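Notes follow once the structure below has been shown.
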Amino acid sequence: MRRALVLFIALLAGCGGVRPPPAEWSLAIHGGARNFAPGDYTGEQLASLRTELGAALAVGAQVLERGGSSIDAVQATVSAMEDSPWFNAGRGAVFTHAGTHELDASIMDGSSGQAGAVAGLMRIRNPVQLARLVMERTPHVLLVGAGAEAFAVEQGVERVDPKYFYTERRWNELQKALEKEKAGQRSTREAYFGTVGAVARDRQGRLAAATSTGGMTNKRAGRIGDSPIIGAGTFADARCAVSATGHGEYFIRHAVAFDICARTRDPRISVGRAAHAVIFDVLRPEGGEGGVVTMDDRGVAAFEFSTNAMSRGRIAAGSAAAVAVLADENLAPPPQSRSSSKSSSKEKP
Ligand code: ASP
């Protein structure tokens, strides 16, 4: 009889019938997907990138540990990544064809279904903060360009000189892309990397997601990718949260973030499995590369990506932060920062 019972429980677990208890709180991030070529980053730079991921996780974990909401946690985490020159968002955003910056971001509260987004910003230090204000203080979901900047002024959101967004790496990436364009070659490898995103579950079980980006290097003025499009680059509901990174046009055409969550309405399909199917069975056959970070209502995080690298990390109540960059690398504790400067690393991105 006892053996039969043990067998029954084991069978249930195998079918996904027994689910582990939820993490009290949980946070997962990505810092962009990309196909690395040897020499793109030195070993020291990769270590610094991992340190930056750890620093971002620490910011959101602090919010969640003291009982803060998942929406506050994803906003704080993404803001920290926007302030770091290591990511293609805020400070380290990529250049447009015209040598300018146009920033996009979005945020969604899975418990209320509310969302806010901004696109084409040229002077806003933390686009994700403005996206949150669009959600809370306007009847709209998405504000773009001059109207969004005017809203920022009205709300007293911090604006910066456009020079703030200049980084040498991104400038060199643009020059390379322009040269390739002149030679008639397509340049997608350098085009994107470093978009940031976060998903979180708080102590009340509420999910939230946020994404922020400079878009793709050498993009046309006015081009808007998936990151500020609710349902494409960002989505959250009561059971599923997603933030995406990759070649945005594909993510928009396939409503990737929404599709992942919609698939999980079938209780037999986990969020991770749905993400795998969308990235590999829908996007990849078309040549759409990139990845997602996802979270389910128990705080279980999953990372799915088709590139050979995606900066990523997770932390949860009672378990330490773990980060990774390359595809064939396991999540591991981030290296400690060796510097006390605002960006936690001495290496240059
Ligand atoms: N998805 C972003 C975009 O297309 C780029 C990225 O993820 O790096 O704008």
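Ordering of the structure tokens sets the chain letters (A, B, ...); residue numbers start at 1 within each chain; ligands are numbered from 1 in the order shown.
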(request) Please write out the residues within 8 Å of ligand 1 as a PyMOL selection string, counting only C-alpha atoms and all ligand atoms. (result) chain A and resi 32-34+88+104+191-196+213-216+224-227+233+244-249+251+290
Residues just named, written with N, CA, C and O atoms as an mmCIF file, in the first residue's frame:
```cif
data_model
loop_
_atom_site.group_PDB
_atom_site.id
_atom_site.type_symbol
_atom_site.label_atom_id
_atom_site.label_comp_id
_atom_site.auth_asym_id
_atom_site.auth_seq_id
_atom_site.Cartn_x
_atom_site.Cartn_y
_atom_site.Cartn_z
ATOM 1 N N GLY A 32 20.357 41.369 -22.472
ATOM 2 C CA GLY A 32 20.473 41.338 -23.918
ATOM 3 C C GLY A 32 20.984 40.019 -24.469
ATOM 4 O O GLY A 32 21.797 39.340 -23.843
ATOM 5 N N ALA A 33 20.477 39.667 -25.655
ATOM 6 C CA ALA A 33 20.912 38.455 -26.363
ATOM 7 C C ALA A 33 21.735 38.863 -27.571
ATOM 8 O O ALA A 33 21.471 39.893 -28.188
ATOM 9 N N ARG A 34 22.739 38.051 -27.898
ATOM 10 C CA ARG A 34 23.562 38.364 -29.074
ATOM 11 C C ARG A 34 24.408 37.157 -29.466
ATOM 12 O O ARG A 34 24.730 36.332 -28.609
ATOM 13 N N ASN A 88 22.621 48.101 -23.362
ATOM 14 C CA ASN A 88 22.015 48.913 -24.417
ATOM 15 C C ASN A 88 20.655 49.434 -23.937
ATOM 16 O O ASN A 88 19.599 49.003 -24.398
ATOM 17 N N ASP A 104 13.610 53.366 -25.926
ATOM 18 C CA ASP A 104 12.268 52.798 -25.767
ATOM 19 C C ASP A 104 12.204 51.998 -24.460
ATOM 20 O O ASP A 104 13.187 51.353 -24.083
ATOM 21 N N ALA A 191 24.240 44.495 -34.449
ATOM 22 C CA ALA A 191 23.106 45.407 -34.413
ATOM 23 C C ALA A 191 22.444 45.489 -33.046
ATOM 24 O O ALA A 191 21.959 46.534 -32.670
ATOM 25 N N TYR A 192 22.390 44.384 -32.369
ATOM 26 C CA TYR A 192 21.714 44.454 -31.083
ATOM 27 C C TYR A 192 22.470 43.673 -30.019
ATOM 28 O O TYR A 192 23.059 42.649 -30.274
ATOM 29 N N PHE A 193 22.479 44.188 -28.879
ATOM 30 C CA PHE A 193 22.959 43.484 -27.700
ATOM 31 C C PHE A 193 22.856 44.399 -26.512
ATOM 32 O O PHE A 193 23.279 45.540 -26.581
ATOM 33 N N GLY A 194 22.303 43.927 -25.471
ATOM 34 C CA GLY A 194 22.369 44.695 -24.247
ATOM 35 C C GLY A 194 21.061 45.298 -23.809
ATOM 36 O O GLY A 194 21.008 45.963 -22.776
ATOM 37 N N THR A 195 20.002 45.121 -24.596
ATOM 38 C CA THR A 195 18.678 45.507 -24.097
ATOM 39 C C THR A 195 18.494 44.869 -22.721
ATOM 40 O O THR A 195 18.997 43.775 -22.480
ATOM 41 N N VAL A 196 17.780 45.533 -21.839
ATOM 42 C CA VAL A 196 17.636 44.976 -20.488
ATOM 43 C C VAL A 196 16.168 44.694 -20.163
ATOM 44 O O VAL A 196 15.265 45.329 -20.706
ATOM 45 N N THR A 213 15.487 49.715 -23.772
ATOM 46 C CA THR A 213 16.486 49.524 -24.833
ATOM 47 C C THR A 213 16.832 50.821 -25.557
ATOM 48 O O THR A 213 16.054 51.780 -25.536
ATOM 49 N N GLY A 214 17.994 50.777 -26.219
ATOM 50 C CA GLY A 214 18.339 51.815 -27.189
ATOM 51 C C GLY A 214 17.946 51.361 -28.584
ATOM 52 O O GLY A 214 18.113 52.095 -29.557
ATOM 53 N N GLY A 215 17.454 50.125 -28.695
ATOM 54 C CA GLY A 215 17.035 49.592 -29.991
ATOM 55 C C GLY A 215 18.174 48.895 -30.695
ATOM 56 O O GLY A 215 18.983 48.226 -30.058
ATOM 57 N N MET A 216 18.254 49.057 -32.015
ATOM 58 C CA MET A 216 19.297 48.383 -32.784
ATOM 59 C C MET A 216 20.233 49.407 -33.406
ATOM 60 O O MET A 216 19.792 50.425 -33.944
ATOM 61 N N ILE A 224 10.870 51.930 -34.214
ATOM 62 C CA ILE A 224 10.534 51.473 -32.865
ATOM 63 C C ILE A 224 10.525 49.947 -32.883
ATOM 64 O O ILE A 224 9.927 49.340 -33.774
ATOM 65 N N GLY A 225 11.207 49.354 -31.914
ATOM 66 C CA GLY A 225 11.292 47.892 -31.857
ATOM 67 C C GLY A 225 10.220 47.301 -30.966
ATOM 68 O O GLY A 225 9.178 47.914 -30.693
ATOM 69 N N ASP A 226 10.487 46.095 -30.504
ATOM 70 C CA ASP A 226 9.496 45.369 -29.700
ATOM 71 C C ASP A 226 9.462 45.806 -28.239
ATOM 72 O O ASP A 226 8.451 45.605 -27.553
ATOM 73 N N SER A 227 10.577 46.375 -27.753
ATOM 74 C CA SER A 227 10.692 46.602 -26.303
ATOM 75 C C SER A 227 9.565 47.458 -25.711
ATOM 76 O O SER A 227 9.095 47.164 -24.611
ATOM 77 N N GLY A 233 7.505 42.832 -26.658
ATOM 78 C CA GLY A 233 8.722 42.789 -25.848
ATOM 79 C C GLY A 233 8.460 42.600 -24.365
ATOM 80 O O GLY A 233 9.364 42.206 -23.619
ATOM 81 N N ALA A 244 11.576 40.465 -23.321
ATOM 82 C CA ALA A 244 12.283 39.909 -24.486
ATOM 83 C C ALA A 244 13.479 40.751 -24.895
ATOM 84 O O ALA A 244 13.591 41.928 -24.545
ATOM 85 N N THR A 245 14.356 40.133 -25.676
ATOM 86 C CA THR A 245 15.486 40.824 -26.301
ATOM 87 C C THR A 245 15.817 40.126 -27.607
ATOM 88 O O THR A 245 15.714 38.905 -27.692
ATOM 89 N N GLY A 246 16.208 40.894 -28.608
ATOM 90 C CA GLY A 246 16.552 40.280 -29.883
ATOM 91 C C GLY A 246 16.115 41.162 -31.025
ATOM 92 O O GLY A 246 15.869 42.360 -30.839
ATOM 93 N N HIS A 247 15.997 40.560 -32.198
ATOM 94 C CA HIS A 247 15.656 41.310 -33.412
ATOM 95 C C HIS A 247 14.172 41.679 -33.347
ATOM 96 O O HIS A 247 13.296 40.882 -33.661
ATOM 97 N N GLY A 248 13.926 42.919 -32.939
ATOM 98 C CA GLY A 248 12.594 43.344 -32.528
ATOM 99 C C GLY A 248 11.480 43.150 -33.544
ATOM 100 O O GLY A 248 10.342 42.859 -33.173
ATOM 101 N N GLU A 249 11.813 43.309 -34.827
ATOM 102 C CA GLU A 249 10.760 43.200 -35.848
ATOM 103 C C GLU A 249 10.093 41.828 -35.787
ATOM 104 O O GLU A 249 8.868 41.696 -35.917
ATOM 105 N N PHE A 251 9.887 39.900 -33.135
ATOM 106 C CA PHE A 251 9.145 39.799 -31.869
ATOM 107 C C PHE A 251 7.809 40.535 -31.959
ATOM 108 O O PHE A 251 6.831 40.129 -31.348
ATOM 109 N N GLY A 290 17.007 35.849 -30.819
ATOM 110 C CA GLY A 290 16.881 36.588 -29.565
ATOM 111 C C GLY A 290 16.480 35.657 -28.441
ATOM 112 O O GLY A 290 16.659 34.436 -28.541
#
```
(message) I'd like to know which of A:Ile315, A:Ala61, A:Ala37, A:Val256 is closest to Ala274 (chain A), using only C-alpha atoms.
(response)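 Looking only at the distances to Ala274 (chain A), the closest residue turns out to be A:Val256.
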DSSP on the backbone, then: every residue of region 211-349 of chain A marked alpha helix (DSSP H), written as a tab-separated table (two decimals) with N, CA, C and O atoms, in the first residue's frame.
```tsv
chain	number	residue	atom	x	y	z
A	248	GLY	N	13.93	42.92	-32.94
A	248	GLY	CA	12.59	43.34	-32.53
A	248	GLY	C	11.48	43.15	-33.54
A	248	GLY	O	10.34	42.86	-33.17
A	249	GLU	N	11.81	43.31	-34.83
A	249	GLU	CA	10.76	43.20	-35.85
A	249	GLU	C	10.09	41.83	-35.79
A	249	GLU	O	8.87	41.70	-35.92
A	250	TYR	N	10.87	40.78	-35.55
A	250	TYR	CA	10.31	39.43	-35.46
A	250	TYR	C	9.44	39.29	-34.21
A	250	TYR	O	8.40	38.63	-34.23
A	251	PHE	N	9.89	39.90	-33.14
A	251	PHE	CA	9.15	39.80	-31.87
A	251	PHE	C	7.81	40.53	-31.96
A	251	PHE	O	6.83	40.13	-31.35
A	252	ILE	N	7.79	41.62	-32.75
A	252	ILE	CA	6.52	42.34	-32.93
A	252	ILE	C	5.58	41.50	-33.80
A	252	ILE	O	4.42	41.28	-33.45
A	253	ARG	N	6.11	41.02	-34.93
A	253	ARG	CA	5.25	40.27	-35.86
A	253	ARG	C	4.62	39.06	-35.19
A	253	ARG	O	3.51	38.66	-35.53
A	256	VAL	N	5.43	38.04	-29.40
A	256	VAL	CA	6.13	36.98	-28.67
A	256	VAL	C	5.75	36.90	-27.18
A	256	VAL	O	5.42	35.84	-26.67
A	257	ALA	N	5.83	38.02	-26.48
A	257	ALA	CA	5.59	37.97	-25.02
A	257	ALA	C	4.17	37.51	-24.72
A	257	ALA	O	3.92	36.70	-23.82
A	258	PHE	N	3.22	38.02	-25.51
A	258	PHE	CA	1.83	37.62	-25.29
A	258	PHE	C	1.63	36.15	-25.67
A	258	PHE	O	0.96	35.39	-24.95
A	259	ASP	N	2.22	35.75	-26.78
A	259	ASP	CA	2.04	34.36	-27.24
A	259	ASP	C	2.53	33.39	-26.16
A	259	ASP	O	1.87	32.38	-25.87
A	260	ILE	N	3.68	33.70	-25.55
A	260	ILE	CA	4.21	32.80	-24.51
A	260	ILE	C	3.18	32.67	-23.38
A	260	ILE	O	2.83	31.55	-22.96
A	261	CYS	N	2.67	33.80	-22.91
A	261	CYS	CA	1.73	33.73	-21.78
A	261	CYS	C	0.41	33.07	-22.20
A	261	CYS	O	-0.18	32.30	-21.42
A	262	ALA	N	-0.05	33.33	-23.41
A	262	ALA	CA	-1.31	32.74	-23.87
A	262	ALA	C	-1.21	31.22	-23.91
A	262	ALA	O	-2.16	30.52	-23.56
A	263	ARG	N	-0.05	30.70	-24.32
A	263	ARG	CA	0.12	29.25	-24.39
A	263	ARG	C	-0.02	28.59	-23.02
A	263	ARG	O	-0.39	27.43	-22.90
A	271	VAL	N	5.54	27.93	-18.30
A	271	VAL	CA	5.97	29.17	-18.95
A	271	VAL	C	7.29	28.93	-19.71
A	271	VAL	O	7.45	29.37	-20.86
A	272	GLY	N	8.20	28.18	-19.09
A	272	GLY	CA	9.48	27.89	-19.74
A	272	GLY	C	9.30	27.11	-21.03
A	272	GLY	O	9.96	27.39	-22.04
A	273	ARG	N	8.39	26.14	-21.00
A	273	ARG	CA	8.16	25.32	-22.20
A	273	ARG	C	7.54	26.17	-23.32
A	273	ARG	O	7.91	26.05	-24.49
A	274	ALA	N	6.61	27.03	-22.93
A	274	ALA	CA	5.98	27.92	-23.92
A	274	ALA	C	7.04	28.84	-24.54
A	274	ALA	O	7.05	29.05	-25.76
A	275	ALA	N	7.93	29.36	-23.70
A	275	ALA	CA	8.98	30.25	-24.20
A	275	ALA	C	9.89	29.52	-25.18
A	275	ALA	O	10.24	30.03	-26.24
A	276	HIS	N	10.25	28.29	-24.83
A	276	HIS	CA	11.12	27.49	-25.70
A	276	HIS	C	10.46	27.30	-27.07
A	276	HIS	O	11.10	27.47	-28.11
A	277	ALA	N	9.18	26.96	-27.04
A	277	ALA	CA	8.46	26.71	-28.30
A	277	ALA	C	8.41	27.97	-29.17
A	277	ALA	O	8.62	27.92	-30.39
```
Surrounding residues of Arg170 (chain A) excluding itself and chain neighbours under 5 positions, 9 Å, only C-alpha atoms, as an mmCIF file with N, CA, C and O atoms, in the first residue's frame:
```cif
data_model
loop_
_atom_site.group_PDB
_atom_site.id
_atom_site.type_symbol
_atom_site.label_atom_id
_atom_site.label_comp_id
_atom_site.auth_asym_id
_atom_site.auth_seq_id
_atom_site.Cartn_x
_atom_site.Cartn_y
_atom_site.Cartn_z
ATOM 1 N N ASN A 88 22.621 48.101 -23.362
ATOM 2 C CA ASN A 88 22.015 48.913 -24.417
ATOM 3 C C ASN A 88 20.655 49.434 -23.937
ATOM 4 O O ASN A 88 19.599 49.003 -24.398
ATOM 5 N N GLY A 92 24.075 53.409 -21.824
ATOM 6 C CA GLY A 92 24.874 52.682 -22.828
ATOM 7 C C GLY A 92 24.112 52.372 -24.108
ATOM 8 O O GLY A 92 24.474 51.443 -24.839
ATOM 9 N N ALA A 93 23.091 53.164 -24.413
ATOM 10 C CA ALA A 93 22.245 52.875 -25.582
ATOM 11 C C ALA A 93 23.027 52.943 -26.894
ATOM 12 O O ALA A 93 23.971 53.722 -27.026
ATOM 13 N N VAL A 94 22.609 52.152 -27.857
ATOM 14 C CA VAL A 94 23.257 52.144 -29.183
ATOM 15 C C VAL A 94 22.863 53.391 -29.981
ATOM 16 O O VAL A 94 21.901 54.084 -29.630
ATOM 17 N N PHE A 95 23.623 53.642 -31.052
ATOM 18 C CA PHE A 95 23.380 54.821 -31.893
ATOM 19 C C PHE A 95 22.443 54.506 -33.057
ATOM 20 O O PHE A 95 22.485 53.405 -33.615
ATOM 21 N N GLN A 175 30.106 52.811 -36.359
ATOM 22 C CA GLN A 175 31.028 53.011 -37.484
ATOM 23 C C GLN A 175 31.178 51.722 -38.287
ATOM 24 O O GLN A 175 31.184 51.727 -39.519
ATOM 25 N N THR A 217 21.544 49.112 -33.339
ATOM 26 C CA THR A 217 22.547 49.999 -33.931
ATOM 27 C C THR A 217 22.198 50.295 -35.382
ATOM 28 O O THR A 217 21.802 49.390 -36.118
#
```
(request) Give the answer as one residue: which of A:Val278, A:Val242, A:Ala23, A:Val157 has the shortest atom-to-atom distance to Ile107 (chain A), using only C-alpha atoms? (result)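 So, comparing all the options, the nearest one is A:Val242.
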(request) Extract, using only C-alpha atoms, all DNA, RNA and protein residues at most 9 Å from region 97-101 of chain A, discarding same-chain residues fewer than 3 positions from it, and format them as a list in words. (result)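 Contacts, with the query itself left out: Ala93, Val94, Gly120, Leu121, Met122, Arg123, Pro162, Phe165, Tyr166, Trp171, Leu174, Ala177, Leu178, Gly214, Gly215, Thr217, Asn218, Lys219, Arg220 and Ala221 of chain A.
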Save out the residues we just selected, all heavy atoms, as a short mmCIF file (atom, residue, chain, number, x, y, z; two decimals), in the first residue's frame.
```
data_model
loop_
_atom_site.label_atom_id
_atom_site.label_comp_id
_atom_site.auth_asym_id
_atom_site.auth_seq_id
_atom_site.Cartn_x
_atom_site.Cartn_y
_atom_site.Cartn_z
N ALA A 93 23.09 53.16 -24.41
CA ALA A 93 22.24 52.88 -25.58
C ALA A 93 23.03 52.94 -26.89
O ALA A 93 23.97 53.72 -27.03
CB ALA A 93 21.09 53.88 -25.63
N VAL A 94 22.61 52.15 -27.86
CA VAL A 94 23.26 52.14 -29.18
C VAL A 94 22.86 53.39 -29.98
O VAL A 94 21.90 54.08 -29.63
CB VAL A 94 22.87 50.87 -29.99
CG1 VAL A 94 23.33 49.62 -29.28
CG2 VAL A 94 21.36 50.83 -30.27
N GLY A 120 11.20 56.41 -28.60
CA GLY A 120 11.82 57.52 -29.33
C GLY A 120 12.27 58.66 -28.42
O GLY A 120 12.30 59.80 -28.84
N LEU A 121 12.69 58.34 -27.19
CA LEU A 121 13.13 59.39 -26.25
C LEU A 121 14.59 59.74 -26.53
O LEU A 121 15.42 58.87 -26.74
CB LEU A 121 13.01 58.90 -24.81
CG LEU A 121 11.65 58.38 -24.36
CD1 LEU A 121 11.74 57.89 -22.91
CD2 LEU A 121 10.59 59.47 -24.48
N MET A 122 14.92 61.05 -26.47
CA MET A 122 16.29 61.47 -26.75
C MET A 122 16.99 62.09 -25.54
O MET A 122 18.18 62.30 -25.55
CB MET A 122 16.30 62.46 -27.91
CG MET A 122 15.71 61.82 -29.16
SD MET A 122 15.76 62.87 -30.61
CE MET A 122 17.34 62.40 -31.30
N ARG A 123 16.24 62.38 -24.49
CA ARG A 123 16.86 63.09 -23.36
C ARG A 123 16.49 62.54 -22.00
O ARG A 123 16.78 63.17 -20.98
CB ARG A 123 16.42 64.56 -23.40
CG ARG A 123 16.72 65.29 -24.70
CD ARG A 123 16.35 66.73 -24.54
NE ARG A 123 17.20 67.33 -23.54
CZ ARG A 123 18.14 68.23 -23.77
NH1 ARG A 123 18.33 68.65 -24.99
NH2 ARG A 123 18.86 68.73 -22.80
N PRO A 162 21.96 65.02 -24.44
CA PRO A 162 22.11 63.81 -25.26
C PRO A 162 23.53 63.21 -25.21
O PRO A 162 23.71 62.01 -25.42
CB PRO A 162 21.74 64.27 -26.67
CG PRO A 162 20.80 65.42 -26.44
CD PRO A 162 21.25 66.09 -25.18
N PHE A 165 24.58 59.92 -23.33
CA PHE A 165 24.41 58.57 -23.87
C PHE A 165 25.58 58.11 -24.74
O PHE A 165 25.54 57.02 -25.30
CB PHE A 165 23.10 58.47 -24.68
CG PHE A 165 21.87 58.82 -23.88
CD1 PHE A 165 21.14 59.96 -24.16
CD2 PHE A 165 21.45 58.00 -22.84
CE1 PHE A 165 19.99 60.28 -23.43
CE2 PHE A 165 20.32 58.31 -22.10
CZ PHE A 165 19.60 59.45 -22.39
N TYR A 166 26.61 58.96 -24.87
CA TYR A 166 27.75 58.58 -25.72
C TYR A 166 28.65 57.58 -25.00
O TYR A 166 29.13 57.84 -23.90
CB TYR A 166 28.59 59.82 -26.10
CG TYR A 166 29.82 59.44 -26.89
CD1 TYR A 166 29.79 59.40 -28.27
CD2 TYR A 166 31.00 59.08 -26.23
CE1 TYR A 166 30.92 59.01 -29.00
CE2 TYR A 166 32.13 58.69 -26.95
CZ TYR A 166 32.08 58.65 -28.32
OH TYR A 166 33.18 58.26 -29.02
N TRP A 171 29.72 53.78 -30.23
CA TRP A 171 30.11 54.62 -31.37
C TRP A 171 30.88 53.77 -32.39
O TRP A 171 30.61 53.81 -33.59
CB TRP A 171 30.95 55.80 -30.89
CG TRP A 171 31.40 56.70 -32.00
CD1 TRP A 171 32.67 56.84 -32.50
CD2 TRP A 171 30.57 57.56 -32.80
NE1 TRP A 171 32.68 57.73 -33.54
CE2 TRP A 171 31.40 58.19 -33.75
CE3 TRP A 171 29.21 57.86 -32.79
CZ2 TRP A 171 30.92 59.11 -34.68
CZ3 TRP A 171 28.73 58.78 -33.72
CH2 TRP A 171 29.57 59.38 -34.65
N LEU A 174 28.62 51.56 -34.33
CA LEU A 174 27.91 52.27 -35.41
C LEU A 174 28.84 52.43 -36.62
O LEU A 174 28.42 52.21 -37.76
CB LEU A 174 27.41 53.65 -34.94
CG LEU A 174 26.79 54.49 -36.06
CD1 LEU A 174 25.51 53.84 -36.61
CD2 LEU A 174 26.48 55.91 -35.58
N ALA A 177 29.01 49.27 -38.49
CA ALA A 177 27.75 49.01 -39.20
C ALA A 177 27.64 49.88 -40.44
O ALA A 177 27.19 49.43 -41.50
CB ALA A 177 26.57 49.25 -38.27
N LEU A 178 28.09 51.15 -40.34
CA LEU A 178 28.01 52.05 -41.49
C LEU A 178 28.94 51.59 -42.61
O LEU A 178 28.59 51.63 -43.79
CB LEU A 178 28.36 53.48 -41.07
CG LEU A 178 27.33 54.17 -40.14
CD1 LEU A 178 27.86 55.51 -39.66
CD2 LEU A 178 25.99 54.36 -40.84
N GLY A 214 17.99 50.78 -26.22
CA GLY A 214 18.34 51.82 -27.19
C GLY A 214 17.95 51.36 -28.58
O GLY A 214 18.11 52.10 -29.56
N GLY A 215 17.45 50.12 -28.70
CA GLY A 215 17.04 49.59 -29.99
C GLY A 215 18.17 48.89 -30.69
O GLY A 215 18.98 48.23 -30.06
N THR A 217 21.54 49.11 -33.34
CA THR A 217 22.55 50.00 -33.93
C THR A 217 22.20 50.29 -35.38
O THR A 217 21.80 49.39 -36.12
CB THR A 217 23.93 49.31 -33.90
OG1 THR A 217 24.26 49.04 -32.55
CG2 THR A 217 25.02 50.19 -34.52
N ASN A 218 22.37 51.56 -35.78
CA ASN A 218 22.16 51.95 -37.17
C ASN A 218 20.69 51.91 -37.59
O ASN A 218 20.37 51.87 -38.76
CB ASN A 218 23.02 51.06 -38.10
CG ASN A 218 23.20 51.67 -39.47
OD1 ASN A 218 23.12 52.89 -39.62
ND2 ASN A 218 23.44 50.84 -40.47
N LYS A 219 19.80 51.89 -36.61
CA LYS A 219 18.37 51.89 -36.97
C LYS A 219 18.02 53.25 -37.58
O LYS A 219 18.66 54.27 -37.29
CB LYS A 219 17.51 51.62 -35.73
CG LYS A 219 17.55 52.72 -34.66
CD LYS A 219 16.72 52.34 -33.42
CE LYS A 219 16.75 53.47 -32.38
NZ LYS A 219 16.02 53.13 -31.15
N ARG A 220 17.00 53.27 -38.39
CA ARG A 220 16.51 54.53 -38.97
C ARG A 220 15.92 55.38 -37.86
O ARG A 220 15.35 54.84 -36.90
CB ARG A 220 15.38 54.25 -39.95
CG ARG A 220 15.80 53.66 -41.25
CD ARG A 220 14.58 53.54 -42.13
NE ARG A 220 14.22 54.86 -42.62
CZ ARG A 220 14.45 55.27 -43.86
NH1 ARG A 220 15.02 54.44 -44.72
NH2 ARG A 220 14.11 56.47 -44.26
N ALA A 221 15.99 56.69 -38.03
CA ALA A 221 15.33 57.58 -37.09
C ALA A 221 13.84 57.23 -37.09
O ALA A 221 13.25 57.00 -38.15
CB ALA A 221 15.52 59.02 -37.52
#
```
Do a neighbour search on Ser70 (chain A) at 6 Å with only C-alpha atoms, toss out local chain neighbours closer than 3 positions, and write the hits as a CSV table (one decimal) with all heavy atoms, in the first residue's frame.
```
chain,number,residue,atom,x,y,z
A,73,ALA,N,10.0,46.6,-8.0
A,73,ALA,CA,11.3,45.8,-8.1
A,73,ALA,C,11.8,45.8,-9.6
A,73,ALA,O,12.9,46.1,-9.8
A,73,ALA,CB,11.1,44.4,-7.6
A,200,ALA,N,9.5,39.8,-12.1
A,200,ALA,CA,9.5,39.5,-10.7
A,200,ALA,C,8.2,39.0,-10.1
A,200,ALA,O,7.1,39.3,-10.7
A,200,ALA,CB,9.9,40.8,-9.9
A,201,ARG,N,8.3,38.3,-9.0
A,201,ARG,CA,7.1,37.9,-8.2
A,201,ARG,C,7.4,38.4,-6.8
A,201,ARG,O,8.5,38.2,-6.3
A,201,ARG,CB,7.0,36.4,-8.2
A,201,ARG,CG,5.9,35.9,-7.3
A,201,ARG,CD,6.1,34.4,-7.0
A,201,ARG,NE,4.9,33.8,-6.4
A,201,ARG,CZ,4.5,33.9,-5.1
A,201,ARG,NH1,5.3,34.5,-4.3
A,201,ARG,NH2,3.4,33.3,-4.7
A,202,ASP,N,6.4,39.1,-6.3
A,202,ASP,CA,6.6,39.7,-4.9
A,202,ASP,C,5.9,38.8,-3.9
A,202,ASP,O,5.4,37.7,-4.2
A,202,ASP,CB,6.1,41.1,-4.8
A,202,ASP,CG,4.6,41.3,-5.1
A,202,ASP,OD1,3.8,40.3,-4.9
A,202,ASP,OD2,4.2,42.3,-5.6
A,207,LEU,N,2.9,39.4,-10.2
A,207,LEU,CA,4.0,39.4,-11.2
A,207,LEU,C,4.1,40.7,-11.9
A,207,LEU,O,3.1,41.4,-12.0
A,207,LEU,CB,3.7,38.3,-12.3
A,207,LEU,CG,3.8,36.8,-11.8
A,207,LEU,CD1,3.3,35.9,-12.9
A,207,LEU,CD2,5.3,36.5,-11.4
A,208,ALA,N,5.3,41.1,-12.4
A,208,ALA,CA,5.5,42.3,-13.2
A,208,ALA,C,6.6,42.0,-14.2
A,208,ALA,O,7.5,41.2,-13.9
A,208,ALA,CB,5.7,43.5,-12.3
```
(message) I'd like the neighbourhood of Ala238 (chain A) as a ChimeraX atom specification, where a residue qualifies if any of its atoms comes within 7 Å (using only C-alpha atoms), though same-chain residues fewer than 6 positions away should be ignored.
(response) /A:110-111,206-207,297
Save the residues we just selected, all heavy atoms, as a short mmCIF file (atom, residue, chain, number, x, y, z; two decimals), in the first residue's frame?
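The resulting file, again06.cif, is shown below:
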```cif
data_model
loop_
_atom_site.label_atom_id
_atom_site.label_comp_id
_atom_site.auth_asym_id
_atom_site.auth_seq_id
_atom_site.Cartn_x
_atom_site.Cartn_y
_atom_site.Cartn_z
N GLY A 110 1.26 42.64 -13.76
CA GLY A 110 0.44 41.47 -14.06
C GLY A 110 -0.80 41.36 -13.20
O GLY A 110 -1.80 40.75 -13.60
N SER A 111 -0.78 41.96 -12.01
CA SER A 111 -1.93 41.80 -11.10
C SER A 111 -3.08 42.72 -11.50
O SER A 111 -4.24 42.37 -11.35
CB SER A 111 -1.52 42.06 -9.65
OG SER A 111 -1.07 43.38 -9.50
N ARG A 206 2.29 38.72 -6.77
CA ARG A 206 2.02 39.52 -7.98
C ARG A 206 3.22 39.50 -8.91
O ARG A 206 4.36 39.65 -8.46
CB ARG A 206 1.70 40.97 -7.58
CG ARG A 206 0.46 41.10 -6.71
CD ARG A 206 0.34 42.49 -6.15
NE ARG A 206 1.47 42.83 -5.29
CZ ARG A 206 1.51 43.88 -4.47
NH1 ARG A 206 0.49 44.72 -4.42
NH2 ARG A 206 2.56 44.11 -3.71
N LEU A 207 2.94 39.37 -10.20
CA LEU A 207 4.01 39.36 -11.21
C LEU A 207 4.09 40.70 -11.92
O LEU A 207 3.08 41.40 -12.05
CB LEU A 207 3.73 38.28 -12.26
CG LEU A 207 3.84 36.82 -11.81
CD1 LEU A 207 3.34 35.89 -12.92
CD2 LEU A 207 5.28 36.47 -11.44
N ASP A 297 3.85 31.95 -11.83
CA ASP A 297 3.23 32.48 -10.61
C ASP A 297 3.84 31.91 -9.33
O ASP A 297 3.52 32.35 -8.24
CB ASP A 297 1.71 32.25 -10.63
CG ASP A 297 1.34 30.79 -10.83
OD1 ASP A 297 2.26 29.97 -11.08
OD2 ASP A 297 0.15 30.46 -10.73
#
```
(request) Considering only C-alpha atoms, return as a ChimeraX atom specification whatever protein or nucleic-acid residues lie within 12 Å of Ile71 (chain A), sequence-local ones (same chain, fewer than 2 positions apart) excluded. (result) /A:27,60,63-64,67-69,73-78,106-116,128-129,131-132,135-136,198-211,236,241
(message) Just to confirm, what's the straight-line distance from CA of Trp25 (chain A) to CA of Gly299 (chain A) in Å (one decimal)?
(response)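 CA of Gly299 (chain A) lies at a distance of 6.6 Å from CA of Trp25 (chain A).
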(request) Run DSSP on the backbone of this structure and report the residues of region 178-238 of chain A it assigns to strand (DSSP E or B), as a count of residues only. (result) 18
